[in-house]
Amino acid sequence: MIEMELTGVRVELPTNQPIVLLRERGGERYLPIWIGAAEAAAHRALPPRVVTPRPMTHDLLKNILEDLTVEVQRIVVTELRDSTFYATIALQRGTDGFEVSSRPSDAIALAVRMAVPIFAEEGVLDEASILIPGDEDEEVEKFREFLDNVSPEDFAS
């Protein structure tokens, strides 16, 4: 397993498809995971971005787990099968440990809310990661800023 960090939620143009982007901790590989609009909204509600008057689903799950004294140990993006990513959430209650199958977007949203590590299996990274060398980080960030601020009107003749 390789530890990952959430770098953000981006929108792929021109399809406007949201992507959760994970980066290999201390490495150069990025794992883009395409998600739906509702899942992207859950990620945008992560602290400190948006405060909602009522708990969102992932906040509710966090509250339930905490009230039941169930600790989230980690989440793992376990496989990519037929263009679909799979993940597990590792839980611990007392001396009992167990795993729950999850969509990666839900697992990541929960992991961020509970400040637990995010991992990906090496095979998933081998199959689906993209390589962005460290010395290009500044250029990548400039490109992201461009994508975040560009609109179709910018290309009108």
# chains A, B, ... in the order shown; residues from 1 in each chain; ligands from 1
call {"tool": "residues_around", "arguments": {"residues": "A:Glu24", "least_positions_apart": "2", "cutoff": "10 Å", "atoms": "only C-alpha atoms", "output": "PyMOL selection string"}}
result
chain A and resi 2-7+22+26-31+118-120+125+129+131
call {"tool": "residues_around", "arguments": {"residues": "A:Asp106", "least_positions_apart": "5", "cutoff": "12 Å", "atoms": "only C-alpha atoms", "output": "PyMOL selection string"}}
result
chain A and resi 20+33+35-36+38-43+56-59+61-62+75-77+85-89+100-101+111-113+118
call {"tool": "closest_residue", "arguments": {"among": "A:Gly123, A:Gly8, A:Leu110, A:Ser105", "to": "A:Arg74", "atoms": "only C-alpha atoms"}}
result
A:Leu110
call {"tool": "closest_residue", "arguments": {"among": "A:Thr52, A:Gln92, A:Ser83, A:Asn16", "to": "A:Leu65", "atoms": "only C-alpha atoms"}}
result
A:Gln92
